[in-house]
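Peer 1: Contents of input23.cif (mmCIF, C-alpha atoms and all ligand atoms) are below:
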```cif
data_run
loop_
_atom_site.group_PDB
_atom_site.id
_atom_site.type_symbol
_atom_site.label_atom_id
_atom_site.label_comp_id
_atom_site.auth_asym_id
_atom_site.auth_seq_id
_atom_site.Cartn_x
_atom_site.Cartn_y
_atom_site.Cartn_z
ATOM 1 C CA MET A 1 97.737 -10.743 -135.064
ATOM 2 C CA SER A 2 96.124 -11.059 -131.671
ATOM 3 C CA GLN A 3 96.820 -13.530 -128.928
ATOM 4 C CA LEU A 4 94.024 -14.205 -126.462
ATOM 5 C CA ILE A 5 94.601 -16.564 -123.546
ATOM 6 C CA GLU A 6 91.439 -18.133 -122.169
ATOM 7 C CA ARG A 7 92.567 -21.096 -120.089
ATOM 8 C CA PRO A 8 95.787 -22.687 -118.866
ATOM 9 C CA GLY A 9 97.562 -24.808 -121.461
ATOM 10 C CA PRO A 10 100.884 -25.538 -123.109
ATOM 11 C CA GLU A 11 100.586 -22.484 -125.395
ATOM 12 C CA VAL A 12 100.329 -20.095 -122.449
ATOM 13 C CA PRO A 13 103.654 -18.265 -122.005
ATOM 14 C CA LEU A 14 105.537 -18.399 -118.719
ATOM 15 C CA LEU A 15 105.667 -15.050 -116.927
ATOM 16 C CA ALA A 16 109.460 -15.226 -116.868
ATOM 17 C CA ASP A 17 109.547 -15.555 -120.668
ATOM 18 C CA LEU A 18 107.528 -12.401 -121.323
ATOM 19 C CA PRO A 19 109.407 -9.155 -122.038
ATOM 20 C CA THR A 20 109.772 -6.862 -119.042
ATOM 21 C CA VAL A 21 108.064 -3.467 -118.964
ATOM 22 C CA PRO A 22 108.513 -0.604 -116.484
ATOM 23 C CA LEU A 23 105.813 0.300 -113.961
ATOM 24 C CA PRO A 24 103.753 3.407 -114.821
ATOM 25 C CA ASP A 25 105.393 6.519 -113.363
ATOM 26 C CA ARG A 26 102.528 9.000 -112.893
ATOM 27 C CA VAL A 27 99.165 9.173 -111.211
ATOM 28 C CA LEU A 28 96.292 11.252 -112.593
ATOM 29 C CA VAL A 29 93.268 12.169 -110.489
ATOM 30 C CA VAL A 30 90.189 14.280 -111.264
ATOM 31 C CA GLU A 31 88.736 16.741 -108.753
ATOM 32 C CA PRO A 32 85.339 15.627 -107.447
ATOM 33 C CA ARG A 33 83.762 19.078 -107.775
ATOM 34 C CA PHE A 34 80.912 17.749 -109.916
ATOM 35 C CA TYR A 35 80.926 14.206 -108.549
ATOM 36 C CA ASP A 36 77.509 12.778 -107.664
ATOM 37 C CA VAL A 37 75.293 9.749 -108.156
ATOM 38 C CA GLU A 38 72.877 11.045 -110.807
ATOM 39 C CA TYR A 39 71.943 7.787 -112.544
ATOM 40 C CA VAL A 40 72.198 4.041 -111.942
ATOM 41 C CA ILE A 41 74.508 2.023 -114.192
ATOM 42 C CA ASN A 42 75.804 -0.561 -111.723
ATOM 43 C CA PRO A 43 74.181 -2.389 -108.789
ATOM 44 C CA HIS A 44 76.142 -0.385 -106.193
ATOM 45 C CA MET A 45 74.468 2.859 -107.323
ATOM 46 C CA GLU A 46 70.931 1.588 -106.679
ATOM 47 C CA GLY A 47 69.133 3.718 -104.096
ATOM 48 C CA ASN A 48 71.999 6.213 -103.971
ATOM 49 C CA VAL A 49 70.876 8.896 -106.428
ATOM 50 C CA GLY A 50 71.332 12.260 -104.737
ATOM 51 C CA GLN A 51 72.941 10.712 -101.631
ATOM 52 C CA VAL A 52 76.510 11.973 -102.079
ATOM 53 C CA ASN A 53 77.831 14.428 -99.525
ATOM 54 C CA ARG A 54 80.136 16.467 -101.749
ATOM 55 C CA PHE A 55 81.931 18.055 -98.839
ATOM 56 C CA GLU A 56 82.808 14.627 -97.450
ATOM 57 C CA ALA A 57 83.678 13.379 -100.931
ATOM 58 C CA ARG A 58 86.119 16.224 -101.452
ATOM 59 C CA HIS A 59 87.696 15.562 -98.076
ATOM 60 C CA GLN A 60 88.139 11.841 -98.822
ATOM 61 C CA TRP A 61 89.528 12.569 -102.277
ATOM 62 C CA ARG A 62 92.104 14.977 -100.778
ATOM 63 C CA HIS A 63 93.311 12.275 -98.413
ATOM 64 C CA LEU A 64 93.740 9.925 -101.349
ATOM 65 C CA VAL A 65 95.890 12.477 -103.190
ATOM 66 C CA GLU A 66 97.959 13.082 -100.040
ATOM 67 C CA ALA A 67 98.445 9.341 -99.599
ATOM 68 C CA TYR A 68 99.826 8.964 -103.131
ATOM 69 C CA ARG A 69 102.142 11.934 -102.675
ATOM 70 C CA GLY A 70 103.147 10.647 -99.246
ATOM 71 C CA ILE A 71 104.588 7.480 -100.776
ATOM 72 C CA GLY A 72 106.491 9.414 -103.419
ATOM 73 C CA GLN A 73 104.114 9.243 -106.384
ATOM 74 C CA THR A 74 103.863 12.156 -108.811
ATOM 75 C CA VAL A 75 100.222 13.192 -108.987
ATOM 76 C CA ASP A 76 98.582 15.431 -111.603
ATOM 77 C CA VAL A 77 95.167 16.893 -110.903
ATOM 78 C CA LEU A 78 92.610 17.530 -113.613
ATOM 79 C CA GLU A 79 89.556 19.716 -113.015
ATOM 80 C CA GLY A 80 86.141 18.122 -112.818
ATOM 81 C CA GLN A 81 83.544 18.948 -115.461
ATOM 82 C CA PRO A 82 79.890 19.900 -115.079
ATOM 83 C CA LEU A 83 77.433 17.186 -116.175
ATOM 84 C CA LEU A 84 80.100 14.482 -115.873
ATOM 85 C CA PRO A 85 79.623 13.138 -112.345
ATOM 86 C CA ASP A 86 81.652 9.965 -113.033
ATOM 87 C CA LEU A 87 84.720 11.689 -114.523
ATOM 88 C CA VAL A 88 86.298 11.408 -111.073
ATOM 89 C CA PHE A 89 86.652 7.683 -111.861
ATOM 90 C CA CYS A 90 89.459 8.392 -114.296
ATOM 91 C CA ALA A 91 90.562 4.741 -114.496
ATOM 92 C CA ASN A 92 87.909 4.143 -117.123
ATOM 93 C CA GLN A 93 88.381 6.462 -120.114
ATOM 94 C CA SER A 94 91.667 5.072 -121.412
ATOM 95 C CA LEU A 95 94.082 2.190 -121.324
ATOM 96 C CA PRO A 96 97.625 3.570 -120.979
ATOM 97 C CA VAL A 97 100.184 1.513 -122.892
ATOM 98 C CA PRO A 98 103.823 1.089 -121.816
ATOM 99 C CA PRO A 99 106.487 2.796 -123.956
ATOM 100 C CA GLY A 100 107.594 0.923 -127.035
ATOM 101 C CA LEU A 101 104.429 -1.038 -127.712
ATOM 102 C CA LEU A 102 102.190 1.345 -129.687
ATOM 103 C CA THR A 103 105.065 3.645 -130.668
ATOM 104 C CA GLU A 104 108.512 4.389 -129.333
ATOM 105 C CA GLY A 105 107.144 6.524 -126.513
ATOM 106 C CA SER A 106 104.233 5.838 -124.199
ATOM 107 C CA GLY A 107 100.718 5.455 -125.495
ATOM 108 C CA ALA A 108 97.065 5.198 -124.613
ATOM 109 C CA ILE A 109 94.122 3.466 -126.241
ATOM 110 C CA MET A 110 90.979 5.494 -125.655
ATOM 111 C CA SER A 111 87.898 3.795 -124.276
ATOM 112 C CA ILE A 112 84.496 3.295 -125.822
ATOM 113 C CA MET A 113 82.185 3.740 -122.846
ATOM 114 C CA ARG A 114 79.333 1.280 -122.476
ATOM 115 C CA ARG A 115 76.902 4.084 -121.588
ATOM 116 C CA ALA A 116 76.361 7.205 -123.692
ATOM 117 C CA ARG A 117 76.148 9.245 -120.505
ATOM 118 C CA ARG A 118 79.847 8.626 -119.792
ATOM 119 C CA GLU A 119 81.142 8.901 -123.362
ATOM 120 C CA PRO A 120 81.980 12.677 -123.194
ATOM 121 C CA GLU A 121 84.440 11.918 -120.362
ATOM 122 C CA VAL A 122 86.840 10.314 -122.828
ATOM 123 C CA ALA A 123 87.764 13.579 -124.585
ATOM 124 C CA HIS A 124 88.867 15.183 -121.299
ATOM 125 C CA ILE A 125 91.288 12.404 -120.436
ATOM 126 C CA GLN A 126 92.472 12.215 -124.049
ATOM 127 C CA GLY A 127 93.225 15.952 -124.012
ATOM 128 C CA PHE A 128 95.266 15.617 -120.828
ATOM 129 C CA LEU A 129 97.341 12.706 -122.163
ATOM 130 C CA ALA A 130 97.823 14.139 -125.664
ATOM 131 C CA GLU A 131 99.081 17.458 -124.252
ATOM 132 C CA ARG A 132 101.757 15.515 -122.414
ATOM 133 C CA GLY A 133 102.981 13.789 -125.533
ATOM 134 C CA VAL A 134 101.286 10.438 -125.052
ATOM 135 C CA HIS A 135 100.521 8.743 -128.385
ATOM 136 C CA ILE A 136 96.744 8.376 -128.662
ATOM 137 C CA ALA A 137 95.137 5.405 -130.417
ATOM 138 C CA HIS A 138 91.477 4.583 -130.941
ATOM 139 C CA LEU A 139 89.411 1.459 -131.319
ATOM 140 C CA ASP A 140 86.970 1.168 -134.198
ATOM 141 C CA PRO A 141 83.486 1.588 -132.713
ATOM 142 C CA TRP A 142 82.022 -0.452 -135.583
ATOM 143 C CA SER A 143 83.859 -3.564 -134.508
ATOM 144 C CA VAL A 144 84.303 -2.952 -130.779
ATOM 145 C CA PRO A 145 81.079 -2.407 -128.783
ATOM 146 C CA SER A 146 82.787 -1.154 -125.608
ATOM 147 C CA MET A 147 86.019 -1.086 -123.604
ATOM 148 C CA GLU A 148 86.366 0.801 -120.311
ATOM 149 C CA GLY A 149 90.106 1.296 -119.975
ATOM 150 C CA THR A 150 91.849 0.218 -116.804
ATOM 151 C CA GLY A 151 88.461 -0.560 -115.271
ATOM 152 C CA ASP A 152 88.712 -3.833 -117.198
ATOM 153 C CA GLY A 153 92.285 -3.863 -118.525
ATOM 154 C CA ALA A 154 94.997 -4.635 -115.962
ATOM 155 C CA TRP A 155 98.669 -4.704 -116.944
ATOM 156 C CA HIS A 156 100.605 -7.457 -115.237
ATOM 157 C CA PRO A 157 103.201 -5.528 -113.185
ATOM 158 C CA GLY A 158 106.556 -5.615 -114.897
ATOM 159 C CA ARG A 159 105.612 -7.913 -117.779
ATOM 160 C CA ALA A 160 104.198 -7.461 -121.271
ATOM 161 C CA LEU A 161 100.922 -9.175 -120.413
ATOM 162 C CA LEU A 162 97.463 -7.640 -120.141
ATOM 163 C CA TRP A 163 94.520 -9.083 -118.222
ATOM 164 C CA GLY A 164 91.213 -8.249 -119.889
ATOM 165 C CA GLY A 165 87.858 -8.405 -118.133
ATOM 166 C CA VAL A 166 84.969 -9.515 -120.322
ATOM 167 C CA GLY A 167 81.681 -8.495 -118.753
ATOM 168 C CA PRO A 168 79.033 -5.779 -118.664
ATOM 169 C CA ARG A 169 81.464 -3.019 -119.686
ATOM 170 C CA SER A 170 84.196 -4.462 -121.917
ATOM 171 C CA ARG A 171 83.875 -6.984 -124.697
ATOM 172 C CA ARG A 172 86.076 -9.705 -126.030
ATOM 173 C CA GLU A 173 86.392 -7.897 -129.397
ATOM 174 C CA ALA A 174 88.104 -5.035 -127.578
ATOM 175 C CA TRP A 175 90.852 -7.238 -126.180
ATOM 176 C CA GLU A 176 91.337 -8.885 -129.545
ATOM 177 C CA ARG A 177 92.031 -5.437 -131.031
ATOM 178 C CA VAL A 178 94.174 -4.280 -128.113
ATOM 179 C CA SER A 179 96.309 -7.406 -128.423
ATOM 180 C CA ALA A 180 96.706 -6.852 -132.180
ATOM 181 C CA MET A 181 97.594 -3.167 -131.691
ATOM 182 C CA THR A 182 100.169 -3.739 -128.941
ATOM 183 C CA GLY A 183 101.509 -7.202 -129.804
ATOM 184 C CA VAL A 184 100.867 -8.217 -126.200
ATOM 185 C CA PRO A 185 98.920 -11.350 -125.216
ATOM 186 C CA VAL A 186 95.682 -10.672 -123.348
ATOM 187 C CA ALA A 187 94.544 -13.117 -120.675
ATOM 188 C CA LEU A 188 90.739 -13.013 -120.679
ATOM 189 C CA LEU A 189 88.734 -13.182 -117.472
ATOM 190 C CA ARG A 190 84.956 -13.523 -117.722
ATOM 191 C CA LEU A 191 83.048 -11.582 -115.059
ATOM 192 C CA VAL A 192 80.022 -13.606 -113.965
ATOM 193 C CA ASP A 193 78.582 -11.590 -111.058
ATOM 194 C CA ARG A 194 76.917 -8.254 -111.925
ATOM 195 C CA ARG A 195 78.104 -6.693 -108.664
ATOM 196 C CA PHE A 196 81.663 -7.069 -109.911
ATOM 197 C CA TYR A 197 81.035 -5.226 -113.154
ATOM 198 C CA HIS A 198 84.625 -4.108 -113.778
ATOM 199 C CA LEU A 199 87.719 -6.311 -113.452
ATOM 200 C CA ASP A 200 89.134 -3.785 -110.965
ATOM 201 C CA THR A 201 86.311 -4.575 -108.526
ATOM 202 C CA CYS A 202 87.554 -8.157 -108.127
ATOM 203 C CA LEU A 203 91.263 -8.212 -109.046
ATOM 204 C CA SER A 204 94.208 -5.969 -108.240
ATOM 205 C CA PHE A 205 97.876 -6.719 -108.803
ATOM 206 C CA VAL A 206 100.338 -5.779 -106.111
ATOM 207 C CA ASP A 207 103.532 -6.901 -107.822
ATOM 208 C CA GLU A 208 104.638 -9.397 -110.454
ATOM 209 C CA GLN A 209 104.037 -12.310 -108.083
ATOM 210 C CA THR A 210 101.021 -11.123 -106.121
ATOM 211 C CA ALA A 211 97.382 -10.189 -106.708
ATOM 212 C CA VAL A 212 94.331 -9.597 -104.528
ATOM 213 C CA VAL A 213 91.329 -11.463 -105.927
ATOM 214 C CA PHE A 214 87.681 -12.316 -105.254
ATOM 215 C CA PRO A 215 87.376 -15.778 -106.871
ATOM 216 C CA GLY A 216 83.553 -15.704 -106.866
ATOM 217 C CA ALA A 217 83.508 -13.051 -109.584
ATOM 218 C CA PHE A 218 85.101 -15.401 -112.161
ATOM 219 C CA ASP A 219 84.186 -18.631 -113.928
ATOM 220 C CA ASP A 220 86.273 -21.811 -113.588
ATOM 221 C CA ALA A 221 88.441 -21.013 -116.610
ATOM 222 C CA GLY A 222 89.261 -17.584 -115.180
ATOM 223 C CA ARG A 223 90.081 -18.919 -111.724
ATOM 224 C CA GLU A 224 92.318 -21.579 -113.255
ATOM 225 C CA LEU A 225 94.072 -19.066 -115.455
ATOM 226 C CA LEU A 226 94.774 -16.776 -112.513
ATOM 227 C CA ALA A 227 96.061 -19.669 -110.418
ATOM 228 C CA SER A 228 98.337 -20.822 -113.226
ATOM 229 C CA LEU A 229 99.881 -17.418 -113.985
ATOM 230 C CA VAL A 230 99.953 -15.587 -110.638
ATOM 231 C CA PRO A 231 102.202 -17.236 -108.028
ATOM 232 C CA ARG A 232 100.577 -15.584 -104.967
ATOM 233 C CA LEU A 233 96.839 -14.985 -104.864
ATOM 234 C CA VAL A 234 95.461 -13.218 -101.809
ATOM 235 C CA GLU A 235 91.864 -14.425 -101.781
ATOM 236 C CA VAL A 236 89.205 -12.048 -100.505
ATOM 237 C CA ASN A 237 85.839 -13.157 -99.092
ATOM 238 C CA GLU A 238 82.527 -11.786 -100.354
ATOM 239 C CA VAL A 239 82.015 -9.301 -97.520
ATOM 240 C CA GLU A 240 85.431 -7.742 -98.025
ATOM 241 C CA ALA A 241 85.053 -7.866 -101.810
ATOM 242 C CA MET A 242 81.838 -5.846 -101.444
ATOM 243 C CA ASN A 243 83.877 -3.400 -99.362
ATOM 244 C CA MET A 244 86.051 -3.010 -102.479
ATOM 245 C CA ALA A 245 89.087 -4.751 -100.954
ATOM 246 C CA CYS A 246 90.104 -5.742 -104.496
ATOM 247 C CA ASN A 247 89.809 -2.144 -105.672
ATOM 248 C CA GLY A 248 92.947 -1.136 -103.833
ATOM 249 C CA HIS A 249 95.992 0.018 -105.760
ATOM 250 C CA SER A 250 99.677 -0.636 -105.432
ATOM 251 C CA PRO A 251 101.604 1.901 -107.514
ATOM 252 C CA ASP A 252 105.002 0.478 -106.552
ATOM 253 C CA GLY A 253 104.657 -3.102 -105.306
ATOM 254 C CA ARG A 254 105.355 -2.012 -101.740
ATOM 255 C CA HIS A 255 102.241 -0.078 -100.705
ATOM 256 C CA PHE A 256 98.570 -0.927 -101.124
ATOM 257 C CA LEU A 257 96.091 1.960 -100.915
ATOM 258 C CA VAL A 258 92.632 0.625 -100.193
ATOM 259 C CA GLN A 259 89.205 1.350 -98.713
ATOM 260 C CA LYS A 260 89.436 0.800 -94.969
ATOM 261 C CA GLY A 261 87.737 -2.049 -93.173
ATOM 262 C CA SER A 262 88.822 -5.329 -94.801
ATOM 263 C CA PRO A 263 90.829 -6.797 -91.885
ATOM 264 C CA ARG A 264 91.321 -10.310 -93.285
ATOM 265 C CA CYS A 265 92.626 -9.223 -96.651
ATOM 266 C CA ASN A 266 94.770 -6.473 -95.230
ATOM 267 C CA ALA A 267 96.304 -8.775 -92.604
ATOM 268 C CA GLN A 268 97.336 -11.210 -95.347
ATOM 269 C CA LEU A 269 98.962 -8.399 -97.294
ATOM 270 C CA ARG A 270 100.803 -7.115 -94.220
ATOM 271 C CA GLU A 271 102.117 -10.619 -93.597
ATOM 272 C CA LEU A 272 103.635 -10.488 -97.062
ATOM 273 C CA GLY A 273 105.453 -7.313 -96.081
ATOM 274 C CA ILE A 274 103.178 -4.947 -97.982
ATOM 275 C CA GLU A 275 102.354 -1.647 -96.318
ATOM 276 C CA VAL A 276 98.561 -1.288 -96.394
ATOM 277 C CA ILE A 277 97.289 2.291 -96.326
ATOM 278 C CA GLU A 278 93.610 2.315 -95.401
ATOM 279 C CA LEU A 279 91.500 5.220 -96.627
ATOM 280 C CA GLU A 280 87.850 6.192 -96.273
ATOM 281 C CA THR A 281 86.152 6.346 -99.671
ATOM 282 C CA ASP A 282 82.554 5.647 -98.637
ATOM 283 C CA GLN A 283 81.179 8.581 -100.678
ATOM 284 C CA PHE A 284 82.613 6.937 -103.794
ATOM 285 C CA LEU A 285 81.424 3.454 -102.837
ATOM 286 C CA LEU A 286 77.917 4.928 -103.321
ATOM 287 C CA SER A 287 78.741 5.017 -107.027
ATOM 288 C CA GLY A 288 80.470 1.619 -107.157
ATOM 289 C CA GLY A 289 84.019 2.943 -107.090
ATOM 290 C CA SER A 290 86.962 3.243 -104.727
ATOM 291 C CA VAL A 291 90.720 3.851 -104.825
ATOM 292 C CA TYR A 292 91.615 1.981 -108.008
ATOM 293 C CA CYS A 293 88.840 3.663 -109.989
ATOM 294 C CA MET A 294 89.776 7.133 -108.788
ATOM 295 C CA LYS A 295 93.137 7.351 -110.508
ATOM 296 C CA LEU A 296 94.830 6.689 -113.813
ATOM 297 C CA HIS A 297 98.287 5.193 -113.529
ATOM 298 C CA TRP A 298 100.074 6.062 -116.759
ATOM 299 C CA TRP A 299 103.482 6.129 -118.424
ATOM 300 C CA SER A 300 104.765 9.654 -119.149
HETATM 301 N N1 LIG A 401 79.664 4.991 -111.373
HETATM 302 C C1 LIG A 401 80.764 4.533 -112.155
HETATM 303 C C2 LIG A 401 80.289 3.557 -113.209
HETATM 304 O O1 LIG A 401 79.449 2.747 -112.908
HETATM 305 C C3 LIG A 401 81.799 3.913 -111.299
HETATM 306 C C4 LIG A 401 83.020 3.517 -112.050
HETATM 307 C C5 LIG A 401 84.039 2.900 -111.154
HETATM 308 N N2 LIG A 401 85.222 2.660 -111.849
HETATM 309 C C6 LIG A 401 85.888 1.500 -111.864
HETATM 310 N N3 LIG A 401 87.027 1.452 -112.470
HETATM 311 N N4 LIG A 401 85.378 0.419 -111.333
HETATM 312 O O2 LIG A 401 80.689 3.583 -114.332
#
```
Turn this file's structure into structure tokens for me.
Peer 2:
Amino acid sequence: MSQLIERPGPEVPLLADLPTVPLPDRVLVVEPRFYDVEYVINPHMEGNVGQVNRFEARHQWRHLVEAYRGIGQTVDVLEGQPLLPDLVFCANQSLPVPPGLLTEGSGAIMSIMRRARREPEVAHIQGFLAERGVHIAHLDPWSVPSMEGTGDGAWHPGRALLWGGVGPRSRREAWERVSAMTGVPVALLRLVDRRFYHLDTCLSFVDEQTAVVFPGAFDDAGRELLASLVPRLVEVNEVEAMNMACNGHSPDGRHFLVQKGSPRCNAQLRELGIEVIELETDQFLLSGGSVYCMKLHWWS
């Protein structure tokens, strides 16, 4: 049975009533050796084919890895692969599942990429997770058109609740299946602005109480649902949202790693006592991705 939540109402569970789950304990990144903009599959990539400076990209990626390690995260590094320029965005090929939901141990539901060009990436991430004992599950491609992992699926920190983006990359059918497979309710958020093509471009959770959000990317039902379930919403304006302020990542609820240059959003976070770590990821912005997209946060 699946439980999809589409708008606030009496049947929507209270956060405090949902079972607790641990935070993911490991960070995976993929080396940007073969990273490039070779094709255009989101509005950010337009005009950027062939524009990546790989030397700069590598440099920026290294700083990201150092930043994660600097705040005590365990980081694994997977090699890049020729012909897969977007594999560096390893948030997209799977949806890690907390221990105890798919099986006793931790799990992952593999993605069905919207574009054929990115489909071969999935096997590389699957191989990495399977080798480490993660239980691998698949969606049925006959009933699910596409689902792009943590690009569109965001676990509510600490609670058995998933937020599912419904937009250009992930479909409602996917979240129906994911809910049935895990027994977890999925709160659906429709993405209505093509520039915010993945949920992680317009929403990022910091902790159980707090999320960074660009309200303009959602419809009324989505905005209302967020307001009803998330006690503290840090609202980002359009300029900062386009600077990928919502694509930051908090692995621990205390730090927020994010593209530099969103002073309003970052000041609000600092006022809440969150340590904001600003990084330069402009070579990855050329492809429509930043910090959140460049890692997979998974349960070992
Ligand atoms: N060029 C990639 C794509 O369009 C960027 C993916 C960014 N990842 C993310 N989680 N938003 O598919």
Peer 1: Draw an axis-aligned box over all listed atoms of segment 137-142 of chain A, pad each side with 6 Å, and write its centre and edge lengths in Å, one decimal, as JSON.
Peer 2:
```
{"center_x": 88.6, "center_y": 2.5, "center_z": -133.0, "size_x": 25.1, "size_y": 17.9, "size_z": 17.2}
```
Peer 1: Suppose a student applies the PyMOL selection byres (((chain A and resi 205-222) around 7) and not hetatm) to this structure; what residues should they get, written as a ChimeraX atom specification?
Peer 2: /A:6-7,156-158,189-193,196,202-204,223-226,230-237,241,246,250,253
Peer 1: May I ask which of the residues A:Ala154, A:Val97, A:Ala267, A:Leu4 is the closest one to ligand LIG 401 (chain A), counting only C-alpha atoms and all ligand atoms?
Peer 2: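 Ranking A:Ala154, A:Val97, A:Ala267, A:Leu4 by distance to ligand LIG 401 (chain A), first place goes to A:Ala154.
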Peer 1: Near Gly149 of chain A, counting all atoms listed in the file, which residues have an atom at most 12 Å away, once you skip same-chain residues fewer than 2 positions from it, shown as a ChimeraX atom specification?
Peer 2: /A:89-97,108-114,122,125-126,138-139,146-147,151-155,162-166,169-171,174-175,178,198-200,293,295-298
Peer 1: Those selected residues, please, written with C-alpha atoms and delivered as a CSV table (one decimal), in the frame of the given file.
Peer 2:
```
chain,number,residue,atom,x,y,z
A,89,PHE,CA,86.7,7.7,-111.9
A,90,CYS,CA,89.5,8.4,-114.3
A,91,ALA,CA,90.6,4.7,-114.5
A,92,ASN,CA,87.9,4.1,-117.1
A,93,GLN,CA,88.4,6.5,-120.1
A,94,SER,CA,91.7,5.1,-121.4
A,95,LEU,CA,94.1,2.2,-121.3
A,96,PRO,CA,97.6,3.6,-121.0
A,97,VAL,CA,100.2,1.5,-122.9
A,108,ALA,CA,97.1,5.2,-124.6
A,109,ILE,CA,94.1,3.5,-126.2
A,110,MET,CA,91.0,5.5,-125.7
A,111,SER,CA,87.9,3.8,-124.3
A,112,ILE,CA,84.5,3.3,-125.8
A,113,MET,CA,82.2,3.7,-122.8
A,114,ARG,CA,79.3,1.3,-122.5
A,122,VAL,CA,86.8,10.3,-122.8
A,125,ILE,CA,91.3,12.4,-120.4
A,126,GLN,CA,92.5,12.2,-124.0
A,138,HIS,CA,91.5,4.6,-130.9
A,139,LEU,CA,89.4,1.5,-131.3
A,146,SER,CA,82.8,-1.2,-125.6
A,147,MET,CA,86.0,-1.1,-123.6
A,151,GLY,CA,88.5,-0.6,-115.3
A,152,ASP,CA,88.7,-3.8,-117.2
A,153,GLY,CA,92.3,-3.9,-118.5
A,154,ALA,CA,95.0,-4.6,-116.0
A,155,TRP,CA,98.7,-4.7,-116.9
A,162,LEU,CA,97.5,-7.6,-120.1
A,163,TRP,CA,94.5,-9.1,-118.2
A,164,GLY,CA,91.2,-8.2,-119.9
A,165,GLY,CA,87.9,-8.4,-118.1
A,166,VAL,CA,85.0,-9.5,-120.3
A,169,ARG,CA,81.5,-3.0,-119.7
A,170,SER,CA,84.2,-4.5,-121.9
A,171,ARG,CA,83.9,-7.0,-124.7
A,174,ALA,CA,88.1,-5.0,-127.6
A,175,TRP,CA,90.9,-7.2,-126.2
A,178,VAL,CA,94.2,-4.3,-128.1
A,198,HIS,CA,84.6,-4.1,-113.8
A,199,LEU,CA,87.7,-6.3,-113.5
A,200,ASP,CA,89.1,-3.8,-111.0
A,293,CYS,CA,88.8,3.7,-110.0
A,295,LYS,CA,93.1,7.4,-110.5
A,296,LEU,CA,94.8,6.7,-113.8
A,297,HIS,CA,98.3,5.2,-113.5
A,298,TRP,CA,100.1,6.1,-116.8
```
Peer 1: Could you work out how far atom CA of Ile71 of chain A lies from atom CA of Val27 of chain A, giving the answer in Å with one decimal?
Peer 2: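 Calculated distance between atom CA of Val27 of chain A and atom CA of Ile71 of chain A is 11.9 Å.
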Peer 1: By how many Å are atom CA of Asp140 of chain A and atom CA of Arg172 of chain A apart?
Peer 2: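 Those two atoms sit 13.6 Å apart.
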Peer 1: Using only C-alpha atoms, which residue out of A:Leu102, A:Leu87, A:Val52, A:Asn42 lies closest to Ala180 of chain A?
Peer 2: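 Closest to Ala180 of chain A of all the choices is A:Leu102.
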Peer 1: Work out how far atom CA of His255 of chain A is from atom CA of Val276 of chain A, in Å to one decimal.
Peer 2: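 Answer for the atom CA of Val276 of chain A to atom CA of His255 of chain A separation: 5.8 Å.
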Peer 1: Determine the residue membership of the PyMOL selection byres (((chain A and resi 262) around 9) and not hetatm) for the file above and supply it as a PyMOL selection string.
Peer 2: chain A and resi 236+239-241+243-245+258-261+263-267
Peer 1: Expand the PyMOL selection byres (((chain A and resi 30) around 7) and not hetatm) into the individual residues it matches in the shown file, reporting them as a list in words.
Peer 2: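 Selected by the PyMOL selection byres (((chain A and resi 30) around 7) and not hetatm) in this file: Leu28, Val29, Glu31, Pro32, Val77, Leu78, Glu79, Gly80, Leu87, Val88 and Cys90 of chain A.
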Peer 1: Under the rule that all atoms listed in the file are counted, which of A:Glu176, A:Glu56, A:Glu278, A:Asp86 is the nearest residue to ligand LIG 401 (chain A)?
Peer 2: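 Ranked by minimum distance to ligand LIG 401 (chain A), first place goes to A:Asp86.
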Peer 1: Taking into account all atoms listed in the file, which residue in the set A:Leu84, A:Ile5, A:Val75, A:Val134 is nearest to ligand LIG 401 (chain A)?
Peer 2: A:Leu84
Peer 1: Return the single residue from A:Val291, A:Ala137, A:Leu285, A:Leu101 that is closest to Pro22 of chain A, with distances computed using all atoms listed in the file.
Peer 2: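 With all atoms listed in the file as the atom set, the closest residue is A:Leu101.
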Peer 1: In terms of the shortest atom-to-atom distance over all atoms listed in the file, which of A:Asn48, A:Ser228, A:Asn53, A:Gln73 is closest to ligand LIG 401 (chain A)?
Peer 2: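 Among the listed residues, A:Asn48 lies closest to ligand LIG 401 (chain A).
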Peer 1: Could you give me, as a list in words, the residues within 7 Å of Ser300 of chain A, counting all atoms listed in the file and dropping anything in the same chain fewer than 5 positions from it?
Peer 2: Asp25, Arg26, Ser106 and Val134 of chain A
Peer 1: Could you pull the residues within 7 Å of Gln3 of chain A, counting all atoms listed in the file, minus those fewer than 6 positions along the same chain, as a VMD selection string?
Peer 2: chain A and resid 179 185 to 186
Peer 1: Those selected residues, please, written with C-alpha atoms and delivered as a PDB file, in the coordinates of the input.
Peer 2:
```pdb
ATOM      1  CA  SER A 179      96.309  -7.406-128.423  1.00  0.00           C
ATOM      2  CA  PRO A 185      98.920 -11.350-125.216  1.00  0.00           C
ATOM      3  CA  VAL A 186      95.682 -10.672-123.348  1.00  0.00           C
TER       4      VAL A 186
END
```
